[in-house]
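Colleague: Below is the file my_file30.cif, with mmCIF, C-alpha atoms.
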data_protein
#
loop_
_atom_site.label_atom_id
_atom_site.label_comp_id
_atom_site.auth_asym_id
_atom_site.auth_seq_id
_atom_site.Cartn_x
_atom_site.Cartn_y
_atom_site.Cartn_z
CA MET Z 1 11.02 98.88 133.84
CA ILE Z 2 12.96 100.89 131.25
CA ASP Z 3 10.83 103.28 129.20
CA GLN Z 4 11.18 102.26 125.54
CA SER Z 5 9.23 105.26 124.19
CA GLU Z 6 10.78 107.24 121.37
CA LYS Z 7 10.18 110.82 120.29
CA ILE Z 8 7.45 111.48 117.71
CA SER Z 9 7.40 114.02 114.89
CA ALA Z 10 3.88 115.08 113.86
CA LEU Z 11 3.65 116.21 110.22
CA ILE Z 12 0.84 117.95 108.31
CA ILE Z 13 0.52 119.59 104.90
CA THR Z 14 -1.94 122.47 104.54
CA TYR Z 15 -3.63 124.89 102.18
CA ASN Z 16 -6.44 127.12 103.47
CA GLU Z 17 -7.35 124.89 106.42
CA ILE Z 18 -8.47 127.48 108.97
CA GLY Z 19 -11.45 126.05 110.83
CA TYR Z 20 -9.92 122.56 110.74
CA ILE Z 21 -6.24 122.93 111.57
CA GLU Z 22 -6.85 124.31 115.08
CA LYS Z 23 -8.52 121.10 116.30
CA CYS Z 24 -5.87 118.99 114.62
CA ILE Z 25 -3.00 120.88 116.29
CA ASP Z 26 -4.71 120.78 119.69
CA SER Z 27 -5.03 117.00 119.42
CA ILE Z 28 -1.33 116.37 118.66
CA GLU Z 29 0.37 118.65 121.17
CA PHE Z 30 1.69 115.49 122.84
CA ALA Z 31 4.13 115.08 119.91
CA ASP Z 32 7.75 116.08 120.50
CA GLU Z 33 7.70 118.29 117.42
CA ILE Z 34 4.96 119.52 115.10
CA ILE Z 35 5.95 120.48 111.56
CA VAL Z 36 3.46 121.91 109.06
CA VAL Z 37 4.26 122.45 105.39
CA ASP Z 38 1.92 125.12 104.05
CA SER Z 39 1.44 125.78 100.33
CA TYR Z 40 0.92 129.54 100.73
CA SER Z 41 -2.51 129.67 102.35
CA THR Z 42 -4.55 132.86 101.98
CA ASP Z 43 -7.19 132.35 104.69
CA GLY Z 44 -5.12 132.92 107.84
CA THR Z 45 -3.85 129.34 108.16
CA TYR Z 46 -0.19 130.36 107.90
CA GLU Z 47 -0.59 133.24 110.37
CA TYR Z 48 -2.25 130.94 112.91
CA LEU Z 49 0.47 128.31 112.56
CA ASN Z 50 3.28 130.84 112.64
CA SER Z 51 2.03 132.23 115.95
CA HIS Z 52 1.61 128.80 117.58
CA PRO Z 53 4.38 128.12 120.13
CA LYS Z 54 4.64 124.39 119.38
CA VAL Z 55 4.48 124.52 115.58
CA ARG Z 56 7.26 124.96 113.02
CA VAL Z 57 5.64 126.04 109.78
CA ILE Z 58 7.42 125.97 106.42
CA GLN Z 59 5.94 127.45 103.25
CA HIS Z 60 6.59 125.33 100.18
CA GLU Z 61 5.06 125.51 96.70
CA PHE Z 62 2.51 122.73 96.05
CA GLU Z 63 3.25 120.45 93.11
CA ASN Z 64 1.24 117.38 94.08
CA TYR Z 65 0.34 115.51 97.27
CA THR Z 66 3.16 112.99 97.09
CA ALA Z 67 5.85 115.62 96.45
CA GLN Z 68 4.53 117.80 99.29
CA LYS Z 69 4.37 114.94 101.76
CA SER Z 70 7.82 113.69 100.75
CA PHE Z 71 9.20 117.18 101.40
CA ALA Z 72 7.50 117.28 104.80
CA LEU Z 73 8.88 113.86 105.71
CA LYS Z 74 12.43 115.09 105.12
CA GLN Z 75 11.90 117.81 107.75
CA ALA Z 76 11.19 115.38 110.59
CA SER Z 77 13.89 115.13 113.26
CA ASN Z 78 12.62 111.88 114.74
CA ASP Z 79 12.28 108.37 113.30
CA TRP Z 80 8.69 107.84 114.46
CA VAL Z 81 6.37 109.99 112.37
CA LEU Z 82 2.68 110.73 112.88
CA PHE Z 83 1.47 112.05 109.50
CA LEU Z 84 -2.00 113.59 109.55
CA ASP Z 85 -4.27 115.54 107.24
CA ALA Z 86 -5.28 118.98 108.53
CA ASP Z 87 -8.90 117.82 108.93
CA GLU Z 88 -8.04 114.84 111.16
CA VAL Z 89 -8.19 114.77 114.96
CA VAL Z 90 -6.50 112.37 117.39
CA THR Z 91 -8.76 111.32 120.27
CA ASP Z 92 -7.41 110.86 123.78
CA GLN Z 93 -7.73 107.07 123.47
CA LEU Z 94 -5.89 107.06 120.15
CA ARG Z 95 -3.15 109.30 121.55
CA ASN Z 96 -2.47 106.74 124.30
CA GLU Z 97 -2.33 103.91 121.76
CA ILE Z 98 0.06 105.89 119.54
CA LYS Z 99 2.41 106.50 122.45
CA CYS Z 100 2.34 102.80 123.31
CA LYS Z 101 3.32 101.81 119.77
CA ALA Z 102 6.05 104.40 119.12
CA LYS Z 103 8.72 102.46 120.99
CA LYS Z 104 12.14 100.99 120.28
CA ASP Z 105 10.82 97.45 120.61
CA SER Z 106 7.59 97.99 118.65
CA GLU Z 107 6.55 94.82 116.80
CA HIS Z 108 5.82 96.77 113.60
CA CYS Z 109 7.44 99.69 111.78
CA ALA Z 110 4.17 101.14 110.46
CA TYR Z 111 0.54 101.24 111.59
CA TRP Z 112 -2.75 101.58 109.74
CA PHE Z 113 -5.47 103.79 111.21
CA TYR Z 114 -9.19 103.29 110.69
CA ARG Z 115 -11.13 106.55 110.58
CA LYS Z 116 -14.51 107.93 111.66
CA PHE Z 117 -15.78 110.20 108.89
CA MET Z 118 -17.66 113.38 109.66
CA PHE Z 119 -19.52 115.62 107.19
CA LYS Z 120 -20.59 119.00 108.61
CA ASN Z 121 -20.30 117.50 112.14
CA SER Z 122 -22.53 114.51 111.30
CA ARG Z 123 -21.12 110.97 111.29
CA LEU Z 124 -20.88 109.13 107.97
CA ARG Z 125 -21.26 105.44 108.75
CA PHE Z 126 -21.45 103.87 105.31
CA SER Z 127 -20.53 104.63 101.64
CA GLY Z 128 -17.54 102.29 101.88
CA TRP Z 129 -15.74 104.55 104.31
CA GLN Z 130 -16.53 102.21 107.20
CA THR Z 131 -13.63 100.03 105.99
CA ASP Z 132 -11.27 102.88 105.01
CA LYS Z 133 -7.81 102.79 106.56
CA ASN Z 134 -4.54 104.67 106.01
CA TYR Z 135 -0.98 104.66 107.23
CA ARG Z 136 -0.57 107.45 109.77
CA LEU Z 137 2.16 106.24 112.17
CA PHE Z 138 5.43 104.84 110.85
CA ARG Z 139 9.21 104.87 111.11
CA LYS Z 140 10.74 107.43 108.75
CA SER Z 141 13.71 105.13 108.17
CA LYS Z 142 11.42 102.33 106.95
CA ALA Z 143 9.02 104.15 104.63
CA GLN Z 144 8.76 106.43 101.62
CA PHE Z 145 6.00 107.73 99.35
CA CYS Z 146 5.62 106.17 95.90
CA LYS Z 147 6.58 108.86 93.36
CA GLU Z 148 4.24 107.49 90.68
CA LYS Z 149 1.11 108.09 92.79
CA ILE Z 150 0.60 111.86 92.96
CA VAL Z 151 -3.04 112.03 94.14
CA HIS Z 152 -3.93 109.17 96.48
CA GLU Z 153 -0.39 109.01 97.79
CA THR Z 154 0.89 105.53 98.64
CA LEU Z 155 3.36 104.72 101.39
CA ILE Z 156 5.90 101.99 100.67
CA VAL Z 157 6.92 100.27 103.90
CA LYS Z 158 10.01 98.11 104.39
CA GLY Z 159 8.85 95.84 107.19
CA THR Z 160 5.66 94.65 108.86
CA SER Z 161 2.54 96.70 109.54
CA GLY Z 162 -0.09 96.65 112.28
CA ILE Z 163 -3.53 98.20 112.76
CA LEU Z 164 -4.46 100.44 115.69
CA LYS Z 165 -7.71 99.70 117.52
CA GLN Z 166 -8.73 103.31 118.15
CA LYS Z 167 -10.06 105.36 115.23
CA LEU Z 168 -8.93 108.72 113.89
CA MET Z 169 -11.58 111.42 113.53
CA HIS Z 170 -11.77 112.74 109.96
CA PHE Z 171 -13.82 115.87 109.17
CA CYS Z 172 -14.24 115.44 105.42
CA TYR Z 173 -15.59 118.74 104.11
CA LYS Z 174 -16.78 122.02 105.62
CA ASN Z 175 -19.54 122.33 103.03
CA TYR Z 176 -20.36 121.39 99.44
CA GLU Z 177 -18.18 124.20 98.01
CA ASP Z 178 -15.20 122.81 99.91
CA TYR Z 179 -16.01 119.35 98.55
CA LYS Z 180 -16.22 120.74 94.99
CA PHE Z 181 -12.83 122.50 95.29
CA LYS Z 182 -11.09 119.36 96.53
CA MET Z 183 -12.66 117.15 93.86
CA LEU Z 184 -11.54 119.53 91.09
CA ARG Z 185 -7.99 119.50 92.44
CA TYR Z 186 -7.99 115.71 92.67
CA GLY Z 187 -9.39 115.47 89.15
CA ARG Z 188 -6.66 117.65 87.64
CA LEU Z 189 -3.94 115.67 89.40
CA LYS Z 190 -5.48 112.34 88.37
CA ALA Z 191 -5.44 113.53 84.75
CA LYS Z 192 -1.78 114.48 85.12
CA GLU Z 193 -1.00 111.10 86.68
CA ALA Z 194 -2.72 109.28 83.81
CA HIS Z 195 -0.85 111.39 81.26
CA GLN Z 196 2.49 110.53 82.89
CA LYS Z 197 1.59 106.83 82.62
CA ASN Z 198 0.66 107.32 78.93
CA LYS Z 199 -2.89 106.11 79.56
CA LYS Z 200 -5.17 106.57 76.54
CA PHE Z 201 -8.46 108.42 76.88
CA ASN Z 202 -11.44 106.07 76.95
CA TYR Z 203 -14.98 107.42 76.37
CA LEU Z 204 -16.56 104.24 77.73
CA LEU Z 205 -14.72 104.58 81.04
CA LEU Z 206 -15.65 108.28 81.18
CA VAL Z 207 -19.32 107.27 81.26
CA PHE Z 208 -19.15 103.96 83.12
CA LYS Z 209 -16.72 104.74 85.99
CA PRO Z 210 -18.75 107.59 87.58
CA PHE Z 211 -21.95 105.51 87.34
CA TRP Z 212 -20.24 102.46 88.87
CA LYS Z 213 -18.68 104.52 91.67
CA PHE Z 214 -22.06 106.02 92.58
CA PHE Z 215 -23.85 102.65 92.47
CA ASN Z 216 -21.08 100.91 94.44
CA HIS Z 217 -20.76 103.54 97.20
CA TYR Z 218 -24.35 104.72 97.52
CA ILE Z 219 -26.21 101.43 96.96
CA ILE Z 220 -23.90 98.42 97.44
CA ARG Z 221 -21.88 99.99 100.26
CA LEU Z 222 -25.00 101.51 101.84
CA GLY Z 223 -24.23 105.21 101.44
CA ILE Z 224 -27.99 105.67 101.03
CA LEU Z 225 -28.34 105.01 104.77
CA ASP Z 226 -26.38 108.22 105.41
CA GLY Z 227 -29.03 110.16 103.50
CA LYS Z 228 -28.14 113.41 101.74
CA LYS Z 229 -24.80 113.74 103.53
CA GLY Z 230 -23.73 110.40 102.01
CA LEU Z 231 -24.05 111.73 98.46
CA PRO Z 232 -20.64 113.52 98.20
CA SER Z 233 -18.76 110.30 98.94
CA ALA Z 234 -20.67 108.53 96.18
CA ILE Z 235 -20.27 111.14 93.43
#
Hey, can you dump this file as structure tokens for me?
Modeller:
Amino acid sequence: MIDQSEKISALIITYNEIGYIEKCIDSIEFADEIIVVDSYSTDGTYEYLNSHPKVRVIQHEFENYTAQKSFALKQASNDWVLFLDADEVVTDQLRNEIKCKAKKDSEHCAYWFYRKFMFKNSRLRFSGWQTDKNYRLFRKSKAQFCKEKIVHETLIVKGTSGILKQKLMHFCYKNYEDYKFKMLRYGRLKAKEAHQKNKKFNYLLLVFKPFWKFFNHYIIRLGILDGKKGLPSAI
């Protein structure tokens, strides 16, 4: 039987991810190339990546998530791309499934991944994240990031998509300070995104949306069953 497997480019964007990035890199060493775009980390992330024999690290100024990921995508040498966050880890079972899908005759050109969420090494089972899924494996020639979405970046796929059975491990936040930093960055970029769309400020939404998000994630979607560690996802 002829092997239909194709080479895979693993891509990651980083900023101050030491303590996370090591596990991520270890889990994707099966990829044919690993490219990391770093936005000038100050915690040793760049030095670690630069010394890793399998990693090509490029420093590039951060504008927003979509721009950074689009830049990283252009660096990939191969058509099949595995695009991860620095705090995500590929399990052995997921690695095998990825390798089975990244083939010339694959039935789809992009694949959704479900994720297992971890907060400070404890599993988050609820808060709405039990149904969360993202594109992580796709053909570079069949996909691009939507330029209008600069925070929760959106992949536009030309072709059909599938869903992998095995889940990706996602280590959300090191601690509450890390959570606070990321939420502030997201908030600033969301404000910029709204400004670019000429959205008018609404005091009612300012009050109602946070309340609804908390009630929806922590009560309706059972975040309360995760206890204290489920609170960050609901705020």
Colleague: Take atom CA of Tyr135 of chain Z and atom CA of Val81 of chain Z and report the distance between them in Å, one decimal.
Modeller: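 Atom CA of Val81 of chain Z lies 10.4 Å from atom CA of Tyr135 of chain Z.
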Colleague: With the PyMOL selection byres ((chain Z and resi 58-69) around 10) as the selection, what would be picked from this file? Answer as an MDAnalysis selection string, please.
Modeller: chainID Z and resid 11:15 35:41 46 49:50 55:57 70:75 83 144:155 185:186 189 192:193
Colleague: Identify which of the residues Z:Lys116, Z:Lys158, Z:Lys54, Z:His108 lies closest to Cys172 of chain Z, counting only C-alpha atoms when measuring atom-to-atom distances.
Modeller: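 For Cys172 of chain Z, the nearest of the candidates is Z:Lys116.
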Colleague: Here is a test: counting all atoms listed in the file, which residue of Z:Glu29, Z:Asp87, Z:Glu107, Z:Glu97 is nearest to Lys165 of chain Z?
Modeller: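 That would be Z:Glu97, the residue with the smallest distance to Lys165 of chain Z.
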Colleague: So how far away is atom CA of Val90 of chain Z from atom CA of Ile18 of chain Z, in Å?
Modeller: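 Pair atom CA of Ile18 of chain Z / atom CA of Val90 of chain Z returns 17.4 Å.
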Colleague: With only C-alpha atoms as the basis for distance, which of Z:Ala102, Z:Leu84, Z:Leu94, Z:Ala76 is at the shortest distance from Leu164 of chain Z?
Modeller: Z:Leu94
Colleague: Would you translate the PyMOL selection byres ((chain Z and resi 115) around 7) into the concrete set of residues it matches in this file, as a VMD selection string?
Modeller: chain Z and resid 113 to 114 116 to 117 132 to 133 167 to 170
Colleague: Give me a file of those residues, with C-alpha atoms, as a CSV table (one decimal), keeping the file's coordinate frame.
Modeller:
chain,number,residue,atom,x,y,z
Z,113,PHE,CA,-5.5,103.8,111.2
Z,114,TYR,CA,-9.2,103.3,110.7
Z,116,LYS,CA,-14.5,107.9,111.7
Z,117,PHE,CA,-15.8,110.2,108.9
Z,132,ASP,CA,-11.3,102.9,105.0
Z,133,LYS,CA,-7.8,102.8,106.6
Z,167,LYS,CA,-10.1,105.4,115.2
Z,168,LEU,CA,-8.9,108.7,113.9
Z,169,MET,CA,-11.6,111.4,113.5
Z,170,HIS,CA,-11.8,112.7,110.0
Colleague: How far is it from atom CA of Met118 of chain Z to atom CA of Arg136 of chain Z, in Å with one decimal?
Modeller: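 Those two atoms sit 18.1 Å apart.
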Colleague: When the PyMOL selection byres ((chain Z and resi 104) around 9) is applied to the file above, which residues end up in the set, as JSON, numbers by chain?
Modeller: {"Z": [4, 5, 6, 101, 102, 103, 105, 106]}
